[in-house]
Amino acid sequence: MILRLTSMAGKRSRHGGASEKLLRCQTRALYSVSGLDDDEPLVRRDRRALSVSSIDEPIRLSRQPHQRRSTTPQNSARPEDFRSWQASHNIDIQRVTQTAMIHELTQQQTRSIERVVPWFLNTMPAPYFRQVPESFRLDHIKAISAIKDANMDMHMNLKTHLPDGRQVLTFIRPGTMPGLLLSMIKELPYNQRSEEYMPLSRVQIYSAEDDSMSLNLFVYGEEAKQLTEADVTMTGSHILEYAQQLLDETLPPADEYGRPNPKPNEIFSRERLIQHMEKCTESYIIRSDPRRFLSQFELFEKVSGSDNISVSIEDSFLDGNNEEHYWIDIALANTLPHFALEQTTQLLFLHGFDVLRAHLDNVTDGDNGTVTLLRMLVTPGQDGARGDEPTFNLIKQELKRSKWLAPSTMELVYEKQPWLGVRRGEIITAMCTIMHPIMSKQNAIAFSKGNILETVTKDRYVNHAAAIADLFLDRFDPKNPLSEAELRERSEGLIAIIDNEVEDTPAQELLIKMIDIVKYTLKTNIYMNNRYALGLRLDPRIMASEEEPPRETPYGVIFSHGRRFDGYHVRFRDIARGGMRLVTPASSEQFSLESAHQYDECYGLAYAQQLKNKDIPEGGSKAVVLIDTVGMSSSGRDFVMRKSVKAFTDTILDLVVDTDETREEIVDFVGKKEVLYLGPDEQVIPEDIDWVIKRAAQRGYDTPAAFMSSKPRAGINHKEYGVTSEGVNVYLDVALKHVLKIDPKHESFTVKITGGPDGDVAGNELKILFREYGDNAKVVGIADGTGCAEDPNGLDWEELLRLVENNLPIDHFDPSKLGEGGAVHKVDTEEGVKARNSMHNRVQADAFVPAGGRPNTINVHNYNHFLNIDGTPSSPLIVEGANLFVTDEARQLLFDEAGVIIVKDSSANKAGVITSSYEICAAMLLSEEEFYQNKAQIVSEVLDKLHEYARMEAELLFREFENYGGSLPQLSKVVSGAVNAATDALTIALEKFSDEDKEKLLPLFRAHLPKTMADLSFDKVHERVPAQYITNAIASCLASKLVYKEGTKFVETLPQDKLADVALRYLEAEHEITLLKDALEGTEMPEKEKESILKLLDAGGARTALGVF
């Protein structure tokens, strides 16, 4: 228990040190505090002695050891027993003095208690005496008596440990002024940023009726007891009886206080109530009025299994002035109770309401965490707040939004500029975030994220920002959206005002850019009542900066702005697929840097995906979600990450699903249905995938099972089957033969790898290297986040595979398994960090496979570190298993200066995206059970397809590299560009085809699929697969066939407007050549001549038939 005592200014100087000593003696002699809680009536009371430190320090209560009675005679006083107030020469005087002091203190304390008790009983509200156990009430009276007796300010913090480990914090403060509760909540110690985080499980808020003090109890920790049906039947008998009377309709419309009884509801059945009460704490059931319990049960049912909020507001019928007191009941699903309490209190304070009483309880909600039930008695304050319907409707709306608001938005609308309102504030902070990666290229300091927000929300400029927010709201008002002409006219008017009134150039540029964002927004969910975050479907041109060289414009960009996260989704084709990556910087400085680069990282990853998606129907996309978890505990960090995934993906669904809700609340300037698919990337866990798929089904997405790949049961787990690494190793095999003239099946070679044995790509690459080449493959270095291991003679294979099988990082490598010159470096030392960070540059090897690590690790500023002193590379061959490990500029410089051959990521690791595409096809064509029953065979066929696609491109790359020269990364882009250009041209051409003509091309799509999948379901392809997807599939299959067979030069030389026609005629010619080959097989001629003719027909027959060379 902690007791904080703060003296009243005038009183302390009068009493001086004597009163402090007197208070110490009083409290030592008389006080103990019980640990008894109201939900544990049978627990023995813990006695704790109260010791008092200095007036301004907390007083800590600790259990005192039992004092053995002294065997020293009383008249044998020891020198150390004497005190300054004692007559040391006379033991009798000492004894008399002690007795007198004890008597005086006892009398004084008695008089104080006699004054305090009647006042306390008369001034504390009746619910306090019903809901707070007697032991706690006695403790409160004792503590208050001591403070009043000493004429001190009533400012106390009491801390009690309960036997089951929970902690009760009691805060007592003088007065009941507005904002007092909020200030107390902000003092609470156990928030999600604390390593000692404990969940807030119960809150009880009380105000003295004479407004002299506030007394609030906060309980931390969960009740350990699990209630059974027998328990709740007994403890909840009053609730069960009341519910039955409701169902039997034997109760009057209102109770004795005039409160309307709840209407009969099927959830009030005995069975349903018992099931619900088994999720509740015993204390909540015991303390709950039946009417309140059932009302909160209805709110619970509305949000159970979701992340929603439900609110009800009613008049208070138990207080003297019905017009001035209102009960607000809130159910918040899957939220942090501390946050729920703070945000609700802050919002009510903003609207001018004082909180007189409050209760907080948590009810378990299965896999969805808990539902926090918050009940508050509020009254309008003295600043003109009104308890009318419009005010409460606004409060309800903002309570629902507050759970998902970004901290920057809350600070803006709750503290800095509350007149803005939540909607305008949210728009302004979202636009500031969008502007950061654009404007920071112009001036990183002037246009830092903080400076951008500070500038546009200054008192001088915030009116302009608000006007732009109003323009945004009017543009997308579903009842009366602005037309293009109206938007143009109002935009020009705002620009003229800004030019005239804003002299500061940076502020002017920012405000005009905000107007541009309004113009380039095509869709938003701003008017959706139950949205999780603010989403904008942007025309990608808004993200271009004049400070950067021109680059390919994406097809579409979605931006999401929510609580502690901002996310971008970038795609390069109408139907697109790509992973979702969560980025959680460790420091505020790193977070600011990541914010400036977030869009560019997302763009780069999506573009790389577009290049590698050339063999599949989906174009390339990527999502990067930047999450603020700086300084959080591990549990708080995980909670925020999971919430961010939900909010981000639900925002995407807001903008792509076509439902009655979205048609009513969203204005669509895109003009066509959009289809996209997600996949897991960094820090996305299986629970996220499950939630996303379920949510897609709830929201009405056409193919919810396909919305996210890598489903635990009905997916192809990339790590389990090593799909990405299977492709990487094909490129490594072909490159070793073509570049280094090494046949890895028969000759030894060395390789270094970034990415740990516990990683997806690196771990599986190790297994494949040993499977394919055995001891011929010598891994001379591996680095991951924990350190690195090096051995010039090759790391021990048995030990490496042990780490892989046990999912262990490289710092677990057994040093005893090292050869001469080998070492294990861990990042717990400065030297270890340096060794780890430089391994990929220092260690000499035939090939380097980056299979993990952050983008841009090797860049234009440090590429020369990869070179030895004599200018030769530490590895002449790089096969990029990780995305963007080497920048484009660094790739070219390494090739130009040292002849390094680099197989680019968009080629080397494309097998992962092909697998995910097959998952999408399976989710559309097969039921989950059909897939699961045939999974082994389907996966085997997928792996064969991966090897086939990887080898076709690898052979083409090195064939063209040897024939035409140039750098391999550039050739990789050329291959991807050729396939994608052909695909786009064919897609446009196919849109004009009749259904009959398209049907003739369906065998291309069928041949693309794994045989078992096609055999099981292809006859239902039109029923289960969107028509646009089928068109894209036919186009991509034909395009990749054409390029891999005939080469990039063949496609590049064709005019764009002729490309589709030639490709379709090529398909016909290929069919004729197949018939010719079949006929030739039946003729009689020498086998050698027949084989030569067949090879010639296969190599160039179709092209020759077209007459295109």
# chains A, B, ... in the order shown; residues from 1 in each chain; ligands from 1
$ residues_around --residues "Gln275 (chain A)" --least-positions-apart "4" --cutoff "8 Å" --atoms "only C-alpha atoms" --output "VMD selection string"
chain A and resid 229 271 279
$ write_last_selection --atoms "C-alpha atoms" --output "JSON list (two decimals), in the first residue's frame"
[["chain", "number", "residue", "atom", "x", "y", "z"],
["A", 229, "GLU", "CA", -22.42, -23.35, -13.97],
["A", 271, "GLU", "CA", -29.14, -21.16, -20.83],
["A", 279, "LYS", "CA", -17.34, -15.60, -18.93]]
$ closest_atom_pairs --of "region 636-728 of chain A" --to "region 357-367 of chain A" --cutoff "12 Å" --atoms "only C-alpha atoms" --output "CSV"
residue,atom,partner,partner_atom,distance
A:Glu687,CA,A:Asp367,CA,9.8
A:Asp690,CA,A:Asp367,CA,11.4
A:Trp691,CA,A:Asp367,CA,10.4
$ residues_around --residues "region 996-1000 of chain A" --least-positions-apart "2" --cutoff "12 Å" --atoms "only C-alpha atoms" --output "ChimeraX atom specification"
/A:986-987,989-994,1002-1006,1019,1021-1022,1027-1028,1030-1035,1064,1067-1068
$ write_last_selection --atoms "N, CA and C atoms" --output "compact mmCIF listing (two decimals), in the first residue's frame"
# COMPACT_ATOMS: atom_id res chain seq x y z
N LEU A 986 -2.39 -8.19 -74.66
CA LEU A 986 -3.33 -9.30 -74.85
C LEU A 986 -4.61 -9.10 -74.03
N THR A 987 -4.45 -8.56 -72.81
CA THR A 987 -5.63 -8.34 -71.96
C THR A 987 -6.59 -7.37 -72.64
N ALA A 989 -6.81 -6.77 -75.86
CA ALA A 989 -7.36 -7.42 -77.05
C ALA A 989 -8.44 -8.42 -76.68
N LEU A 990 -8.22 -9.18 -75.62
CA LEU A 990 -9.17 -10.21 -75.22
C LEU A 990 -10.50 -9.62 -74.76
N GLU A 991 -10.48 -8.38 -74.25
CA GLU A 991 -11.72 -7.74 -73.81
C GLU A 991 -12.70 -7.61 -74.98
N LYS A 992 -12.17 -7.58 -76.21
CA LYS A 992 -13.02 -7.43 -77.39
C LYS A 992 -13.44 -8.77 -77.98
N PHE A 993 -12.89 -9.86 -77.44
CA PHE A 993 -13.22 -11.18 -77.95
C PHE A 993 -14.63 -11.59 -77.54
N SER A 994 -15.25 -12.38 -78.35
CA SER A 994 -16.52 -12.98 -77.96
C SER A 994 -16.25 -14.09 -76.94
N LEU A 1002 -9.12 -21.12 -73.36
CA LEU A 1002 -9.13 -21.61 -71.98
C LEU A 1002 -8.09 -22.70 -71.70
N PRO A 1003 -7.77 -23.57 -72.67
CA PRO A 1003 -6.74 -24.59 -72.39
C PRO A 1003 -5.41 -24.01 -71.90
N LEU A 1004 -5.11 -22.75 -72.27
CA LEU A 1004 -3.89 -22.11 -71.76
C LEU A 1004 -3.93 -21.99 -70.24
N PHE A 1005 -5.07 -21.54 -69.72
CA PHE A 1005 -5.23 -21.40 -68.26
C PHE A 1005 -5.20 -22.77 -67.60
N ARG A 1006 -5.85 -23.74 -68.22
CA ARG A 1006 -5.87 -25.08 -67.63
C ARG A 1006 -4.47 -25.67 -67.55
N ASP A 1019 -14.00 -27.67 -64.79
CA ASP A 1019 -15.29 -27.59 -65.46
C ASP A 1019 -16.21 -26.54 -64.81
N VAL A 1021 -14.97 -23.50 -63.81
CA VAL A 1021 -14.14 -22.30 -63.75
C VAL A 1021 -14.97 -21.03 -63.93
N HIS A 1022 -15.98 -21.06 -64.79
CA HIS A 1022 -16.77 -19.84 -65.02
C HIS A 1022 -17.66 -19.52 -63.84
N ALA A 1027 -14.59 -13.25 -64.22
CA ALA A 1027 -14.29 -13.21 -65.65
C ALA A 1027 -13.00 -12.45 -65.94
N GLN A 1028 -12.77 -11.33 -65.22
CA GLN A 1028 -11.55 -10.56 -65.45
C GLN A 1028 -10.31 -11.36 -65.09
N ILE A 1030 -10.01 -14.63 -65.33
CA ILE A 1030 -9.78 -15.60 -66.42
C ILE A 1030 -9.10 -14.93 -67.59
N THR A 1031 -9.55 -13.73 -67.93
CA THR A 1031 -8.92 -12.99 -69.03
C THR A 1031 -7.45 -12.74 -68.74
N ASN A 1032 -7.15 -12.27 -67.53
CA ASN A 1032 -5.75 -12.01 -67.16
C ASN A 1032 -4.93 -13.29 -67.21
N ALA A 1033 -5.52 -14.40 -66.77
CA ALA A 1033 -4.79 -15.67 -66.75
C ALA A 1033 -4.43 -16.12 -68.16
N ILE A 1034 -5.39 -16.02 -69.08
CA ILE A 1034 -5.10 -16.40 -70.47
C ILE A 1034 -3.99 -15.51 -71.05
N ALA A 1035 -4.09 -14.21 -70.79
CA ALA A 1035 -3.11 -13.27 -71.33
C ALA A 1035 -1.71 -13.54 -70.79
N LEU A 1064 -1.54 -14.10 -80.79
CA LEU A 1064 -2.64 -15.04 -81.05
C LEU A 1064 -2.36 -15.88 -82.30
N LEU A 1067 0.03 -18.58 -81.41
CA LEU A 1067 -0.61 -19.72 -80.75
C LEU A 1067 -1.19 -20.69 -81.79
N GLU A 1068 -1.81 -20.13 -82.84
CA GLU A 1068 -2.35 -20.97 -83.91
C GLU A 1068 -1.22 -21.70 -84.64
$ select_by_dssp --residues "region 289-502 of chain A" --states "strand (DSSP E)" --output "PyMOL selection string"
chain A and resi 309-315+326-333+353-364+370-380
$ select_by_dssp --residues "region 82-303 of chain A" --states "helix (DSSP H, G or I)" --output "ChimeraX atom specification"
/A:91-123,126-131,134-149,180-187,229-235,237-247,266-268,270-277,282-287,290-303
$ residues_around --residues "Asn368 (chain A)" --least-positions-apart "3" --cutoff "9 Å" --atoms "only C-alpha atoms" --output "number ranges by chain"
A: 304-307, 333-334, 364-365, 371
$ closest_residue --among "A:Ser906, A:Ser448, A:Ser491, A:Asn500" --to "Ala467 (chain A)" --atoms "only C-alpha atoms"
A:Ser491
$ atom_distance --atom1 "CA of Thr1048 (chain A)" --atom2 "CA of Val570 (chain A)"
27.1 Å
$ residues_around --residues "region 588-590 of chain A" --least-positions-apart "6" --cutoff "10 Å" --atoms "only C-alpha atoms" --output "VMD selection string"
chain A and resid 628 to 631
$ residues_around --residues "Leu299 (chain A)" --least-positions-apart "5" --cutoff "8 Å" --atoms "only C-alpha atoms" --output "VMD selection string"
chain A and resid 310 to 311 330 to 331
$ closest_residue --among "A:His861, A:Arg424, A:Arg270, A:Lys673" --to "Asn463 (chain A)" --atoms "only C-alpha atoms"
A:Arg424
$ residues_around --residues "region 122-131 of chain A" --least-positions-apart "2" --cutoff "9 Å" --atoms "only C-alpha atoms" --output "number ranges by chain"
A: 38, 117-120, 133-134, 137, 204-212, 287
